[in-house]
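*Asks:* So that we are looking at the same thing, I have put the structure below in structure tokens.
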Amino acid sequence: MKKVELLSPAGDFESLVAAVQNGADSVYFGANKFNARINSQNFGNEELIKAITYAKLRKVKTFLTLNTLIKNEEMKEVLETLKSAYMAGIDSVIVQDLGLAEKVLEVFPDLEIHASTQMTVHNLNGVKVLEKAGIKRVVLARELPLEEIQNICENTKTEIEVFAHGALCVSYSGQCLMSSMIGGRSGNRGGCAGTCRLPYELINTSDDRCLDKGYILSPKDVVTLDILPELIKTGVTSLKLEGRMKSPEYTRDCN
């Protein structure tokens, strides 16, 4: 069985150390802006360089998440943030925005681009389009069955990454607009409030009768321990753990 990368989250420097010290092959983390977990502690410019240096000295790869939709007027700032990480030796950048991906290919042609799960790539055709565009790796939508993952892996040279543990969105890989509509906090801008995790009542409006109540919108977390051998056999390159909002203890125990 081939060696598969274990990719661990790091919401802050302490979590990054926990991941590195407990066996992660790679770690992913965000700068203070333009990442899908904007409410985690994240990394300022100096901490970003410190984190990359710490991991590289221990032969652990680092991936920077710039995985939100980018406004035109923000593009210059995003590229400046990436430049700092690039100069420090970041191994790849994870993006959602196709416009940003195009700019990264232009400005940093030797830097690997990974397509975020928030691109909602859920079939072979989607992977092929990104492959032609120069994307090195695709993080598949979290909803895919093993058969579809295997079909994709067998028919593309693009690296395939899947989530092996973590929260499952009520929508397709983060495309839900519920948080945005209710509170103006968009998941595609890093601010999802997790509104699907709250308790609700299902009401029959014809007679105001409650049909159900509780956490009726919230899916259970993805846990692949029971199918891990089968998941690895599909041919995936990387197993990703979700959890940049969680503590260093979570990162340590997951690894």
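To be explicit about the labels: the chains of the structure tokens are called A, B, and onward in the order shown, and within each one the residues are counted from 1, while ligands get numbers from 1 in the order they are shown.
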Per DSSP on the backbone, filter stretch 11-60 of chain A down to the residues in helix (DSSP H, G or I) and report them as number ranges by chain.
*Replies:* A: 13-21, 45-57
*Asks:* Which residue gives the smallest distance to A:Met75 among A:Val95, A:Ala55, A:Leu100, A:Met87, with only C-alpha atoms counted?
*Replies:*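 Among the listed residues, the smallest separation from A:Met75 belongs to A:Leu100.
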*Asks:* By how many Å are atom CA of A:Ser84 and atom CA of A:Gln175 apart?
*Replies:*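 Interatomic distance here is 29.3 Å.
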*Asks:* For the contact check between stretch 68-157 of chain A and stretch 187-200 of chain A, emit one row per residue of stretch 68-157 of chain A within 9 Å, containing the shortest atom pair and the distance in Å rounded to one decimal, counting only C-alpha atoms, chain then rising number order, as JSON lines.
*Replies:*
{"residue": "A:Thr68", "atom": "CA", "partner": "A:Arg189", "partner_atom": "CA", "distance": 5.0}
{"residue": "A:Leu69", "atom": "CA", "partner": "A:Asn188", "partner_atom": "CA", "distance": 5.9}
{"residue": "A:Ile70", "atom": "CA", "partner": "A:Arg189", "partner_atom": "CA", "distance": 8.0}
{"residue": "A:Gln96", "atom": "CA", "partner": "A:Asn188", "partner_atom": "CA", "distance": 8.5}
{"residue": "A:Gln118", "atom": "CA", "partner": "A:Asn188", "partner_atom": "CA", "distance": 7.8}
*Asks:* Measuring between only C-alpha atoms, which one of A:Ser238, A:Asn155, A:Asn72, A:Ser186 shows the shortest distance to A:Asn125?
*Replies:* A:Asn155
*Asks:* Identify, on the basis of only C-alpha atoms, every residue whose closest approach to A:Asn32 does not exceed 7 Å; exclude the query and any residue fewer than 2 positions from it along the same chain; express the result as JSON, numbers by chain.
*Replies:* {"A": [30, 38, 42, 43, 44]}
*Asks:* Using only C-alpha atoms, which of A:Glu5, A:Asp12, A:Glu74, A:Glu230 sits nearest A:Gly243?
*Replies:* A:Asp12
*Asks:* Could you jot down the atom CA of A:Glu14 to atom CA of A:Met119 separation for me, Å, one decimal place?
*Replies:*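 According to the coordinates, atom CA of A:Glu14 and atom CA of A:Met119 are separated by 29.0 Å.
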*Asks:* From the set A:Ala164, A:Val170, A:Ile182, A:Val4, which residue has the shortest atom-to-atom contact distance to A:Asp226, counting only C-alpha atoms?
*Replies:* A:Ala164
*Asks:* For the atom pair atom CA of A:Pro248 and atom CA of A:Cys169, what is the interatomic distance in Å to one decimal place?
*Replies:*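 Computed distance, atom CA of A:Pro248 to atom CA of A:Cys169, equals 22.6 Å.
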*Asks:* If we count only C-alpha atoms and set the cut-off at 6 Å, which residues sit around stretch 138-141 of chain A, ignoring sequence neighbours fewer than 6 positions away in its own chain? Please answer as a list in words.
*Replies:*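 Answer for this query is His114, Ala115, Ser116, Thr117, Thr120, Val121, His122, Ile160, Glu161, Val162 and Ser173 of chain A.
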*Asks:* Counting only C-alpha atoms, which of A:Gly126, A:Gly183, A:Gly214, A:Pro219 gets nearest to A:Glu143?
*Replies:*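 Residue with the minimum atom-to-atom distance to A:Glu143: A:Pro219.
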*Asks:* So that I can check the secondary structure, give me every residue of stretch 65-254 of chain A assigned strand (DSSP E or B) by backbone DSSP, as a PyMOL selection string.
*Replies:* chain A and resi 65-66+92-95+112-115+137-139+159-166+200-204+209-214+222-223+238-241
*Asks:* Go through A:Lys2, A:His165, A:Leu64, A:Phe13 one by one, measure the shortest atom-to-atom distance of each to A:Lys220 using only C-alpha atoms, and give the residue with the smallest value.
*Replies:*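 Nearest to A:Lys220: A:His165.
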